>>> print(open('data_34.tsv').read())   # TSV, C-alpha atoms and all ligand atoms
chain	number	residue	atom	x	y	z
A	16	MET	CA	0.04	-8.81	-31.43
A	17	ALA	CA	0.06	-9.61	-27.78
A	18	SER	CA	-2.93	-8.13	-26.04
A	19	PRO	CA	-2.93	-8.47	-22.29
A	20	LYS	CA	-6.09	-9.54	-20.47
A	21	LYS	CA	-6.15	-6.04	-19.21
A	22	LYS	CA	-3.87	-3.07	-19.12
A	23	LEU	CA	-1.29	-3.04	-16.37
A	24	GLN	CA	-2.37	-0.25	-14.04
A	25	GLY	CA	-2.20	0.96	-10.47
A	26	LEU	CA	0.67	0.05	-8.21
A	27	VAL	CA	3.28	-2.51	-9.12
A	28	ALA	CA	5.70	-3.54	-6.37
A	29	ALA	CA	9.29	-4.03	-7.51
A	30	THR	CA	9.92	-7.20	-5.54
A	31	ILE	CA	12.90	-7.75	-3.31
A	32	THR	CA	14.68	-11.07	-3.80
A	33	PRO	CA	14.70	-12.63	-0.32
A	34	MET	CA	18.08	-14.05	0.68
A	35	THR	CA	19.47	-16.04	3.55
A	36	GLU	CA	22.31	-14.77	5.74
A	37	HIS	CA	24.59	-16.92	3.53
A	38	GLY	CA	23.54	-15.11	0.35
A	39	GLU	CA	21.38	-17.85	-1.12
A	40	ILE	CA	17.87	-17.11	-2.38
A	41	ASN	CA	15.28	-17.74	0.30
A	42	PHE	CA	12.36	-19.13	-1.67
A	43	SER	CA	10.53	-20.14	1.50
A	44	VAL	CA	9.15	-16.65	2.23
A	45	ILE	CA	7.82	-15.81	-1.23
A	46	GLY	CA	4.31	-17.17	-0.55
A	47	GLN	CA	4.06	-15.10	2.63
A	48	TYR	CA	5.38	-12.06	0.75
A	49	VAL	CA	2.63	-12.34	-1.90
A	50	ASP	CA	-0.04	-12.51	0.82
A	51	TYR	CA	1.47	-9.50	2.58
A	52	LEU	CA	1.39	-7.38	-0.61
A	53	VAL	CA	-2.19	-8.29	-1.41
A	54	GLU	CA	-3.67	-8.27	2.08
A	55	GLU	CA	-1.68	-5.61	3.91
A	56	GLN	CA	-0.64	-3.25	1.12
A	57	GLY	CA	-3.44	-3.69	-1.45
A	58	VAL	CA	-0.83	-4.23	-4.17
A	59	LYS	CA	-1.72	-6.83	-6.81
A	60	ASN	CA	0.98	-6.43	-9.45
A	61	ILE	CA	4.67	-7.20	-9.18
A	62	PHE	CA	7.84	-6.47	-11.12
A	63	VAL	CA	10.35	-9.28	-10.56
A	64	ASN	CA	14.16	-9.32	-10.92
A	65	GLY	CA	14.48	-5.58	-11.49
A	66	THR	CA	16.69	-3.11	-9.67
A	67	THR	CA	15.17	-3.80	-6.25
A	68	GLY	CA	15.22	-7.55	-6.94
A	69	GLU	CA	18.98	-7.41	-7.68
A	70	GLY	CA	18.15	-9.07	-10.99
A	71	LEU	CA	21.50	-8.18	-12.52
A	72	SER	CA	23.33	-9.70	-9.53
A	73	LEU	CA	21.65	-13.10	-9.97
A	74	SER	CA	22.72	-15.91	-12.29
A	75	VAL	CA	20.43	-16.77	-15.21
A	76	SER	CA	19.46	-19.97	-13.47
A	77	GLU	CA	18.58	-18.08	-10.28
A	78	ARG	CA	16.56	-15.55	-12.26
A	79	ARG	CA	14.55	-18.39	-13.81
A	80	GLN	CA	13.88	-19.93	-10.41
A	81	VAL	CA	12.91	-16.60	-8.83
A	82	ALA	CA	10.52	-15.84	-11.71
A	83	GLU	CA	8.95	-19.30	-11.39
A	84	ALA	CA	8.46	-18.91	-7.65
A	85	TRP	CA	6.67	-15.55	-7.95
A	86	VAL	CA	4.44	-16.77	-10.79
A	87	ALA	CA	3.55	-19.95	-8.86
A	88	LYS	CA	2.89	-18.22	-5.53
A	89	GLY	CA	1.03	-15.35	-7.20
A	90	ARG	CA	-1.38	-17.58	-9.09
A	91	ASN	CA	-5.03	-16.62	-8.36
A	92	LYS	CA	-3.80	-13.90	-5.97
A	93	LEU	CA	-1.98	-11.35	-8.10
A	94	ASP	CA	-3.32	-9.57	-11.19
A	95	GLN	CA	-0.07	-9.37	-13.12
A	96	VAL	CA	3.50	-10.59	-12.78
A	97	VAL	CA	6.00	-8.80	-15.01
A	98	ILE	CA	9.49	-10.25	-15.24
A	99	HIS	CA	12.51	-8.08	-15.92
A	100	VAL	CA	14.66	-10.01	-18.41
A	101	GLY	CA	17.25	-7.38	-19.31
A	102	ALA	CA	20.89	-8.55	-19.42
A	103	LEU	CA	24.18	-7.61	-21.03
A	104	SER	CA	24.06	-10.71	-23.18
A	105	LEU	CA	21.30	-10.76	-25.78
A	106	LYS	CA	21.28	-14.58	-25.52
A	107	ASP	CA	20.66	-14.50	-21.77
A	108	SER	CA	17.94	-11.96	-22.23
A	109	GLN	CA	16.24	-14.04	-24.91
A	110	GLU	CA	16.46	-17.17	-22.79
A	111	LEU	CA	14.82	-15.34	-19.89
A	112	ALA	CA	12.13	-13.88	-22.18
A	113	ARG	CA	11.28	-17.34	-23.56
A	114	HIS	CA	11.24	-18.72	-20.05
A	115	ALA	CA	8.89	-15.97	-18.82
A	116	ALA	CA	6.46	-16.92	-21.59
A	117	GLU	CA	6.73	-20.64	-20.77
A	118	ILE	CA	5.92	-20.15	-17.09
A	119	GLY	CA	2.91	-17.95	-17.81
A	120	ALA	CA	4.17	-14.52	-16.73
A	121	ASP	CA	2.03	-11.55	-17.80
A	122	GLY	CA	4.76	-9.45	-19.37
A	123	ILE	CA	8.48	-8.80	-19.75
A	124	ALA	CA	10.53	-5.65	-19.27
A	125	VAL	CA	14.04	-4.82	-20.45
A	126	ILE	CA	16.59	-2.16	-19.52
A	127	ALA	CA	19.20	-0.86	-21.95
A	128	PRO	CA	22.41	-2.95	-21.90
A	129	PHE	CA	24.83	-0.87	-19.88
A	130	PHE	CA	28.43	-2.07	-20.39
A	131	LEU	CA	28.83	-2.10	-24.14
A	132	LYS	CA	26.10	0.46	-24.68
A	133	PRO	CA	23.77	1.26	-27.56
A	134	TRP	CA	24.74	4.81	-28.58
A	135	ASN	CA	21.66	5.67	-30.57
A	136	LYS	CA	17.99	4.87	-30.80
A	137	ASP	CA	18.32	2.37	-33.65
A	138	ALA	CA	20.94	0.33	-31.79
A	139	LEU	CA	18.80	0.21	-28.66
A	140	ILE	CA	15.59	-0.62	-30.54
A	141	ASN	CA	17.41	-3.39	-32.38
A	142	PHE	CA	18.49	-5.00	-29.10
A	143	LEU	CA	15.03	-4.67	-27.53
A	144	LYS	CA	13.38	-6.05	-30.64
A	145	GLU	CA	15.48	-9.19	-30.58
A	146	VAL	CA	14.55	-9.81	-26.95
A	147	ALA	CA	10.86	-9.11	-27.50
A	148	ALA	CA	10.82	-11.50	-30.46
A	149	ALA	CA	11.84	-14.36	-28.15
A	150	ALA	CA	8.50	-13.99	-26.34
A	151	PRO	CA	6.09	-12.99	-29.12
A	152	THR	CA	2.99	-13.59	-27.00
A	153	LEU	CA	4.03	-11.43	-24.05
A	154	PRO	CA	3.47	-7.70	-23.59
A	155	PHE	CA	6.82	-5.91	-23.67
A	156	TYR	CA	7.78	-2.92	-21.51
A	157	TYR	CA	10.86	-0.77	-21.90
A	158	TYR	CA	12.46	0.04	-18.54
A	159	HIS	CA	13.99	3.51	-18.77
A	160	ILE	CA	16.46	4.10	-15.92
A	161	PRO	CA	19.21	6.33	-17.33
A	162	ALA	CA	20.86	7.12	-13.98
A	163	LEU	CA	21.73	3.44	-13.52
A	164	THR	CA	22.29	2.29	-17.12
A	165	GLY	CA	24.07	5.42	-18.32
A	166	VAL	CA	22.02	5.15	-21.53
A	167	LYS	CA	20.50	8.59	-21.91
A	168	ILE	CA	18.47	8.12	-25.10
A	169	ARG	CA	15.25	10.00	-24.42
A	170	ALA	CA	12.18	7.85	-23.91
A	171	GLU	CA	10.18	10.16	-26.16
A	172	GLU	CA	12.57	9.46	-29.03
A	173	LEU	CA	12.58	5.74	-28.36
A	174	LEU	CA	8.78	5.49	-28.37
A	175	ASP	CA	8.42	7.24	-31.70
A	176	GLY	CA	7.24	4.48	-34.06
A	177	ILE	CA	8.23	1.71	-31.63
A	178	GLN	CA	5.27	-0.56	-32.37
A	179	ASP	CA	6.38	-0.85	-36.00
A	180	LYS	CA	9.59	-2.43	-34.75
A	181	ILE	CA	8.30	-4.15	-31.63
A	182	PRO	CA	4.66	-5.19	-32.15
A	183	THR	CA	4.35	-6.47	-28.57
A	184	PHE	CA	5.35	-3.10	-27.08
A	185	GLN	CA	2.77	-2.26	-24.40
A	186	GLY	CA	4.34	0.38	-22.22
A	187	LEU	CA	7.11	2.20	-20.51
A	188	LYS	CA	8.50	2.05	-17.00
A	189	PHE	CA	9.98	5.49	-16.55
A	190	SER	CA	12.48	5.81	-13.68
A	191	ASP	CA	13.71	9.34	-14.17
A	192	THR	CA	12.76	12.80	-12.94
A	193	ASP	CA	12.53	14.40	-16.41
A	194	LEU	CA	8.80	15.11	-16.50
A	195	LEU	CA	9.12	16.85	-19.85
A	196	ASP	CA	10.31	13.60	-21.42
A	197	PHE	CA	7.64	11.61	-19.55
A	198	GLY	CA	4.85	14.05	-20.45
A	199	GLN	CA	5.83	13.97	-24.10
A	200	CYS	CA	5.77	10.16	-24.11
A	201	VAL	CA	2.17	10.34	-22.92
A	202	ASP	CA	1.17	13.22	-25.18
A	203	GLN	CA	2.63	11.75	-28.36
A	204	ASN	CA	1.15	8.30	-27.85
A	205	ARG	CA	-2.38	9.11	-26.77
A	206	GLN	CA	-3.98	7.06	-29.52
A	207	GLN	CA	-2.18	3.93	-28.27
A	208	GLN	CA	-3.25	1.96	-25.25
A	209	PHE	CA	0.21	2.01	-23.68
A	210	ALA	CA	0.85	1.73	-19.95
A	211	PHE	CA	2.90	4.66	-18.63
A	212	LEU	CA	4.39	3.49	-15.37
A	213	PHE	CA	6.30	5.99	-13.27
A	214	GLY	CA	9.26	4.85	-11.18
A	215	VAL	CA	10.20	7.70	-8.86
A	216	ASP	CA	7.93	7.05	-5.90
A	217	GLU	CA	8.51	10.38	-4.13
A	218	GLN	CA	7.26	12.25	-7.23
A	219	LEU	CA	4.39	10.03	-8.33
A	220	LEU	CA	1.70	12.68	-7.90
A	221	SER	CA	3.38	14.95	-10.46
A	222	ALA	CA	3.56	12.04	-12.88
A	223	LEU	CA	-0.16	11.30	-12.35
A	224	VAL	CA	-0.90	14.87	-13.40
A	225	MET	CA	1.28	14.24	-16.47
A	226	GLY	CA	-0.74	11.15	-17.42
A	227	ALA	CA	0.91	8.18	-15.67
A	228	THR	CA	-1.39	5.14	-15.75
A	229	GLY	CA	0.43	3.35	-12.94
A	230	ALA	CA	3.67	3.10	-10.98
A	231	VAL	CA	6.42	0.57	-10.40
A	232	GLY	CA	8.53	1.07	-7.31
A	233	SER	CA	10.38	-0.30	-4.34
A	234	THR	CA	8.42	1.58	-1.69
A	235	TYR	CA	5.10	0.00	-2.70
A	236	ASN	CA	6.35	-3.10	-0.90
A	237	TYR	CA	5.76	-1.36	2.42
A	238	MET	CA	4.01	1.95	1.61
A	239	GLY	CA	1.56	0.53	-0.94
A	240	LYS	CA	-1.41	1.22	1.26
A	241	LYS	CA	-0.47	4.84	1.76
A	242	THR	CA	0.25	5.31	-1.95
A	243	ASN	CA	-3.09	3.68	-2.84
A	244	GLN	CA	-4.79	6.33	-0.68
A	245	MET	CA	-3.05	8.95	-2.79
A	246	LEU	CA	-4.18	7.27	-6.03
A	247	GLU	CA	-7.77	7.15	-4.75
A	248	ALA	CA	-7.74	10.80	-3.74
A	249	PHE	CA	-6.34	11.73	-7.16
A	250	LYS	CA	-9.05	9.71	-8.89
A	251	ARG	CA	-11.82	11.50	-7.02
A	252	LYS	CA	-10.10	14.82	-7.83
A	253	ASP	CA	-9.39	15.54	-4.18
A	254	PHE	CA	-6.01	17.05	-4.96
A	255	SER	CA	-5.44	18.51	-1.55
A	256	SER	CA	-5.68	15.07	0.12
A	257	ALA	CA	-3.59	13.57	-2.66
A	258	LEU	CA	-0.90	16.15	-1.94
A	259	ASN	CA	-1.04	15.45	1.77
A	260	HIS	CA	-0.45	11.77	1.08
A	261	GLN	CA	2.43	12.57	-1.28
A	262	PHE	CA	4.03	14.87	1.27
A	263	CYS	CA	3.75	12.19	3.90
A	264	ILE	CA	5.50	9.69	1.62
A	265	GLN	CA	8.11	12.34	0.80
A	266	ARG	CA	8.86	12.94	4.47
A	267	PHE	CA	9.92	9.32	4.78
A	268	ILE	CA	11.78	9.01	1.48
A	269	ASN	CA	13.54	12.36	1.96
A	270	PHE	CA	14.67	11.25	5.39
A	271	VAL	CA	16.14	7.95	4.21
A	272	LEU	CA	17.64	9.43	1.02
A	273	LYS	CA	19.73	11.73	3.22
A	274	LEU	CA	20.98	8.74	5.21
A	275	GLY	CA	21.89	6.91	1.99
A	276	PHE	CA	19.10	4.83	0.46
A	277	GLY	CA	19.30	1.96	-1.98
A	278	VAL	CA	18.43	-1.70	-2.35
A	279	SER	CA	20.26	-2.71	0.87
A	280	GLN	CA	18.23	-0.20	2.88
A	281	THR	CA	15.01	-1.25	1.12
A	282	LYS	CA	15.65	-4.82	2.26
A	283	ALA	CA	16.17	-3.72	5.86
A	284	ILE	CA	13.02	-1.57	5.85
A	285	MET	CA	10.91	-4.35	4.36
A	286	THR	CA	12.03	-6.78	7.05
A	287	LEU	CA	11.22	-4.16	9.68
A	288	VAL	CA	7.78	-3.19	8.40
A	289	SER	CA	6.46	-6.53	7.13
A	290	GLY	CA	8.18	-8.87	9.56
A	291	ILE	CA	9.17	-11.03	6.58
A	292	PRO	CA	12.92	-11.72	6.82
A	293	VAL	CA	14.13	-10.75	3.34
A	294	GLY	CA	17.74	-10.89	4.47
A	295	PRO	CA	20.85	-9.03	3.32
A	296	PRO	CA	21.70	-8.00	-0.25
A	297	ARG	CA	24.29	-9.79	-2.34
A	298	PRO	CA	27.75	-8.30	-2.95
A	299	PRO	CA	28.69	-5.80	-4.27
A	300	LEU	CA	25.90	-4.37	-2.10
A	301	GLN	CA	26.41	-4.36	1.64
A	302	LYS	CA	23.98	-4.74	4.49
A	303	ALA	CA	22.32	-1.59	5.79
A	304	SER	CA	24.00	-0.34	8.97
A	305	ARG	CA	22.52	-0.71	12.46
A	306	GLU	CA	22.43	3.07	12.65
A	307	PHE	CA	20.38	3.33	9.45
A	308	ILE	CA	17.92	0.73	10.71
A	309	ASP	CA	17.46	2.48	14.06
A	310	ASN	CA	16.92	5.87	12.42
A	311	ALA	CA	14.53	4.51	9.80
A	312	LYS	CA	12.58	2.69	12.48
A	313	ALA	CA	12.12	5.83	14.58
A	314	LYS	CA	10.98	7.75	11.49
A	315	LEU	CA	8.53	5.02	10.46
A	316	LYS	CA	7.08	5.08	13.96
A	317	SER	CA	6.70	8.83	14.08
A	318	LEU	CA	4.92	8.76	10.69
A	319	ASP	CA	2.70	5.88	11.85
A	320	PHE	CA	3.98	3.52	9.17
A	321	LEU	CA	4.77	0.92	11.81
A	322	SER	CA	1.98	-0.80	13.69
A	323	SER	CA	3.53	0.18	17.02
A	324	THR	CA	1.70	3.29	18.24
A	325	ASP	CA	3.74	4.31	21.26
A	326	LEU	CA	4.61	7.69	19.76
A	327	LYS	CA	1.12	8.48	18.59
A	328	ASP	CA	-0.06	10.93	21.24
A	329	GLY	CA	0.62	14.51	20.34
A	330	ASN	CA	2.63	13.44	17.33
A	331	LEU	CA	2.43	16.25	14.79
A	332	GLU	CA	4.23	14.33	12.10
A	333	SER	CA	1.80	11.41	12.00
A	334	CYS	CA	0.44	10.53	8.58
A	335	SER	CA	-2.54	8.50	9.69
B	401	LIG	C1	16.68	3.60	-8.49
B	401	LIG	C2	15.52	2.81	-7.94
B	401	LIG	O1	15.69	1.78	-7.34
B	401	LIG	N1	14.33	3.31	-8.16
B	401	LIG	C3	13.15	2.69	-7.70
B	401	LIG	C4	12.36	2.23	-8.86
B	401	LIG	O2	12.53	2.57	-10.01
B	401	LIG	C5	12.28	3.60	-6.83
B	401	LIG	O3	11.23	2.85	-6.31
B	401	LIG	C6	13.08	4.23	-5.71
B	401	LIG	O4	13.60	3.23	-4.89
B	401	LIG	C7	12.24	5.19	-4.87
B	401	LIG	O5	11.63	6.13	-5.71
B	401	LIG	C8	13.05	5.90	-3.80
B	401	LIG	O6	13.96	6.79	-4.39
B	402	LIG	C1	11.95	0.09	-8.69
B	402	LIG	C2	11.97	-0.77	-9.82
B	402	LIG	O1	11.19	-0.66	-10.68
B	402	LIG	C3	12.92	-1.83	-9.83
B	402	LIG	O2	13.34	-2.21	-8.76
B	402	LIG	O3	13.27	-2.32	-10.90
>>> encode(input="data_34.tsv", output="structure tokens")
Amino acid sequence: MASPKKKLQGLVAATITPMTEHGEINFSVIGQYVDYLVEEQGVKNIFVNGTTGEGLSLSVSERRQVAEAWVAKGRNKLDQVVIHVGALSLKDSQELARHAAEIGADGIAVIAPFFLKPWNKDALINFLKEVAAAAPTLPFYYYHIPALTGVKIRAEELLDGIQDKIPTFQGLKFSDTDLLDFGQCVDQNRQQQFAFLFGVDEQLLSALVMGATGAVGSTYNYMGKKTNQMLEAFKRKDFSSALNHQFCIQRFINFVLKLGFGVSQTKAIMTLVSGIPVGPPRPPLQKASREFIDNAKAKLKSLDFLSSTDLKDGNLESCS
């Protein structure tokens, strides 16, 4: 059985795939991006080629190259690099799983195939098992994101007896707001050393109460530092500070959700906050609008998430 050096815990940034204005992958900024996560955000784990990374919009060859770049640039800097290898074609998924093992990634994750869908637990487990078997030395994580895949099989049901079928199973990335399902995953698997990674950043504190051991998300790219403060407060049982931090994060996410928030907007915000040009998304996604960027920028400033402090005086909203 695969046993990771250590359990995946704390924050995991779902990496953006940097692109040029012409829609090609911009490998040249990945080294700088790793340094930014570690030094400025205190984030030492990454989740590559997932939703935020537009993994399903890249070719298999691009996914291999992106995975290689993150593993190479993260060496001796990052704790763990998990590669999302889910695909509609089992063959593609297996190729990517094998490749992740070859390049020395620390784990693989897989979403449910979402065009021709598995309609019950056994069908889904069977698919996941075949992918996991292609990388028998790597920890395997199931990536539960029913709103995007349309596969609504409850995580609790899927996890029941999963290690008998998938011996490398090490944890769950849970991107859903059903805290009953999440809580039951934790409760029913206490004797295992699974990682329970929550994926709805604006609700992370509730998931911590429910037993989350870590979190994977898009906002940890630029709000990792703030979220780490929340994790630290939670750890020292200072729940009132933890809640203040969560509310602060919510003020931003709530604001952008109302404007329309997805991967395109995440790319624009990352460029704004980090100064690393991660570029536009690839079609079918479209660039965030100028209006969105201006609004998001003003909000980031008023919350003190941008280094510029010109709004600081008398600013009631400030989170610092
Ligand atoms: C659907 C999606 O992309 N979810 C991300 C990760 O699972 C989150 O990090 C969200 O972007 C974040 O929670 C804001 O809603
Ligand atoms: C957020 C996340 O986990 C992803 O982008 O895949």
>>> residues_near_point(input="data_34.tsv", point="(-4.6, -1.4, 6.2)", cutoff="12 Å", atoms="only C-alpha atoms", output="PDB file with C-alpha atoms, in the frame of the given file")
ATOM      1  CA  TYR A  51       1.470  -9.500   2.580  1.00  0.00           C
ATOM      2  CA  LEU A  52       1.390  -7.380  -0.610  1.00  0.00           C
ATOM      3  CA  VAL A  53      -2.190  -8.290  -1.410  1.00  0.00           C
ATOM      4  CA  GLU A  54      -3.670  -8.270   2.080  1.00  0.00           C
ATOM      5  CA  GLU A  55      -1.680  -5.610   3.910  1.00  0.00           C
ATOM      6  CA  GLN A  56      -0.640  -3.250   1.120  1.00  0.00           C
ATOM      7  CA  GLY A  57      -3.440  -3.690  -1.450  1.00  0.00           C
ATOM      8  CA  VAL A  58      -0.830  -4.230  -4.170  1.00  0.00           C
ATOM      9  CA  TYR A 237       5.760  -1.360   2.420  1.00  0.00           C
ATOM     10  CA  MET A 238       4.010   1.950   1.610  1.00  0.00           C
ATOM     11  CA  GLY A 239       1.560   0.530  -0.940  1.00  0.00           C
ATOM     12  CA  LYS A 240      -1.410   1.220   1.260  1.00  0.00           C
ATOM     13  CA  LYS A 241      -0.470   4.840   1.760  1.00  0.00           C
ATOM     14  CA  THR A 242       0.250   5.310  -1.950  1.00  0.00           C
ATOM     15  CA  ASN A 243      -3.090   3.680  -2.840  1.00  0.00           C
ATOM     16  CA  GLN A 244      -4.790   6.330  -0.680  1.00  0.00           C
ATOM     17  CA  ASP A 319       2.700   5.880  11.850  1.00  0.00           C
ATOM     18  CA  PHE A 320       3.980   3.520   9.170  1.00  0.00           C
ATOM     19  CA  LEU A 321       4.770   0.920  11.810  1.00  0.00           C
ATOM     20  CA  SER A 322       1.980  -0.800  13.690  1.00  0.00           C
ATOM     21  CA  SER A 335      -2.540   8.500   9.690  1.00  0.00           C
TER      22      SER A 335
END
>>> closest_residue(input="data_34.tsv", among="A:Ala283, A:Leu73, A:Ile31, A:Leu318", to="ligand LIG 402 (chain B)", atoms="all atoms listed in the file")
A:Ile31
>>> atom_distance(input="data_34.tsv", atom1="atom CA of A:Thr67", atom2="atom CA of A:Gln80")
16.7 Å
>>> residues_near_ligand(input="data_34.tsv", ligand="ligand LIG 402 (chain B)", cutoff="12 Å", atoms="only C-alpha atoms and all ligand atoms", output="PyMOL selection string")
chain A and resi 26-32+60-71+97-101+123-126+156-160+163-164+187-191+212-217+229-236+277-279+281-282
>>> write_last_selection(input="data_34.tsv", atoms="C-alpha atoms", output="PDB file, keeping the file's coordinate frame")
ATOM      1  CA  LEU A  26       0.670   0.050  -8.210  1.00  0.00           C
ATOM      2  CA  VAL A  27       3.280  -2.510  -9.120  1.00  0.00           C
ATOM      3  CA  ALA A  28       5.700  -3.540  -6.370  1.00  0.00           C
ATOM      4  CA  ALA A  29       9.290  -4.030  -7.510  1.00  0.00           C
ATOM      5  CA  THR A  30       9.920  -7.200  -5.540  1.00  0.00           C
ATOM      6  CA  ILE A  31      12.900  -7.750  -3.310  1.00  0.00           C
ATOM      7  CA  THR A  32      14.680 -11.070  -3.800  1.00  0.00           C
ATOM      8  CA  ASN A  60       0.980  -6.430  -9.450  1.00  0.00           C
ATOM      9  CA  ILE A  61       4.670  -7.200  -9.180  1.00  0.00           C
ATOM     10  CA  PHE A  62       7.840  -6.470 -11.120  1.00  0.00           C
ATOM     11  CA  VAL A  63      10.350  -9.280 -10.560  1.00  0.00           C
ATOM     12  CA  ASN A  64      14.160  -9.320 -10.920  1.00  0.00           C
ATOM     13  CA  GLY A  65      14.480  -5.580 -11.490  1.00  0.00           C
ATOM     14  CA  THR A  66      16.690  -3.110  -9.670  1.00  0.00           C
ATOM     15  CA  THR A  67      15.170  -3.800  -6.250  1.00  0.00           C
ATOM     16  CA  GLY A  68      15.220  -7.550  -6.940  1.00  0.00           C
ATOM     17  CA  GLU A  69      18.980  -7.410  -7.680  1.00  0.00           C
ATOM     18  CA  GLY A  70      18.150  -9.070 -10.990  1.00  0.00           C
ATOM     19  CA  LEU A  71      21.500  -8.180 -12.520  1.00  0.00           C
ATOM     20  CA  VAL A  97       6.000  -8.800 -15.010  1.00  0.00           C
ATOM     21  CA  ILE A  98       9.490 -10.250 -15.240  1.00  0.00           C
ATOM     22  CA  HIS A  99      12.510  -8.080 -15.920  1.00  0.00           C
ATOM     23  CA  VAL A 100      14.660 -10.010 -18.410  1.00  0.00           C
ATOM     24  CA  GLY A 101      17.250  -7.380 -19.310  1.00  0.00           C
ATOM     25  CA  ILE A 123       8.480  -8.800 -19.750  1.00  0.00           C
ATOM     26  CA  ALA A 124      10.530  -5.650 -19.270  1.00  0.00           C
ATOM     27  CA  VAL A 125      14.040  -4.820 -20.450  1.00  0.00           C
ATOM     28  CA  ILE A 126      16.590  -2.160 -19.520  1.00  0.00           C
ATOM     29  CA  TYR A 156       7.780  -2.920 -21.510  1.00  0.00           C
ATOM     30  CA  TYR A 157      10.860  -0.770 -21.900  1.00  0.00           C
ATOM     31  CA  TYR A 158      12.460   0.040 -18.540  1.00  0.00           C
ATOM     32  CA  HIS A 159      13.990   3.510 -18.770  1.00  0.00           C
ATOM     33  CA  ILE A 160      16.460   4.100 -15.920  1.00  0.00           C
ATOM     34  CA  LEU A 163      21.730   3.440 -13.520  1.00  0.00           C
ATOM     35  CA  THR A 164      22.290   2.290 -17.120  1.00  0.00           C
ATOM     36  CA  LEU A 187       7.110   2.200 -20.510  1.00  0.00           C
ATOM     37  CA  LYS A 188       8.500   2.050 -17.000  1.00  0.00           C
ATOM     38  CA  PHE A 189       9.980   5.490 -16.550  1.00  0.00           C
ATOM     39  CA  SER A 190      12.480   5.810 -13.680  1.00  0.00           C
ATOM     40  CA  ASP A 191      13.710   9.340 -14.170  1.00  0.00           C
ATOM     41  CA  LEU A 212       4.390   3.490 -15.370  1.00  0.00           C
ATOM     42  CA  PHE A 213       6.300   5.990 -13.270  1.00  0.00           C
ATOM     43  CA  GLY A 214       9.260   4.850 -11.180  1.00  0.00           C
ATOM     44  CA  VAL A 215      10.200   7.700  -8.860  1.00  0.00           C
ATOM     45  CA  ASP A 216       7.930   7.050  -5.900  1.00  0.00           C
ATOM     46  CA  GLU A 217       8.510  10.380  -4.130  1.00  0.00           C
ATOM     47  CA  GLY A 229       0.430   3.350 -12.940  1.00  0.00           C
ATOM     48  CA  ALA A 230       3.670   3.100 -10.980  1.00  0.00           C
ATOM     49  CA  VAL A 231       6.420   0.570 -10.400  1.00  0.00           C
ATOM     50  CA  GLY A 232       8.530   1.070  -7.310  1.00  0.00           C
ATOM     51  CA  SER A 233      10.380  -0.300  -4.340  1.00  0.00           C
ATOM     52  CA  THR A 234       8.420   1.580  -1.690  1.00  0.00           C
ATOM     53  CA  TYR A 235       5.100   0.000  -2.700  1.00  0.00           C
ATOM     54  CA  ASN A 236       6.350  -3.100  -0.900  1.00  0.00           C
ATOM     55  CA  GLY A 277      19.300   1.960  -1.980  1.00  0.00           C
ATOM     56  CA  VAL A 278      18.430  -1.700  -2.350  1.00  0.00           C
ATOM     57  CA  SER A 279      20.260  -2.710   0.870  1.00  0.00           C
ATOM     58  CA  THR A 281      15.010  -1.250   1.120  1.00  0.00           C
ATOM     59  CA  LYS A 282      15.650  -4.820   2.260  1.00  0.00           C
TER      60      LYS A 282
END
>>> atom_distance(input="data_34.tsv", atom1="atom CA of A:Ala248", atom2="atom CA of A:Leu220")
10.5 Å
>>> decode(input="data_34.tsv", residues="stretch 242-248 of chain A", atoms="N, CA, C and O atoms", output="tab-separated table (two decimals), in the first residue's frame")
chain	number	residue	atom	x	y	z
A	242	THR	N	-6.08	32.76	5.26
A	242	THR	CA	-6.70	31.49	5.64
A	242	THR	C	-5.81	30.73	6.64
A	242	THR	O	-6.32	30.09	7.57
A	243	ASN	N	-4.50	30.85	6.49
A	243	ASN	CA	-3.59	30.23	7.47
A	243	ASN	C	-3.80	30.83	8.86
A	243	ASN	O	-3.69	30.14	9.87
A	244	GLN	N	-4.10	32.14	8.91
A	244	GLN	CA	-4.36	32.78	10.21
A	244	GLN	C	-5.61	32.15	10.84
A	244	GLN	O	-5.67	31.94	12.05
A	245	MET	N	-6.58	31.85	9.98
A	245	MET	CA	-7.80	31.21	10.49
A	245	MET	C	-7.49	29.80	11.02
A	245	MET	O	-7.93	29.42	12.10
A	246	LEU	N	-6.67	29.06	10.27
A	246	LEU	CA	-6.31	27.69	10.70
A	246	LEU	C	-5.56	27.73	12.04
A	246	LEU	O	-5.80	26.91	12.92
A	247	GLU	N	-4.68	28.73	12.18
A	247	GLU	CA	-3.91	28.84	13.43
A	247	GLU	C	-4.81	29.18	14.60
A	247	GLU	O	-4.68	28.60	15.69
A	248	ALA	N	-5.74	30.10	14.38
A	248	ALA	CA	-6.67	30.47	15.44
A	248	ALA	C	-7.52	29.26	15.83
A	248	ALA	O	-7.75	29.00	17.02
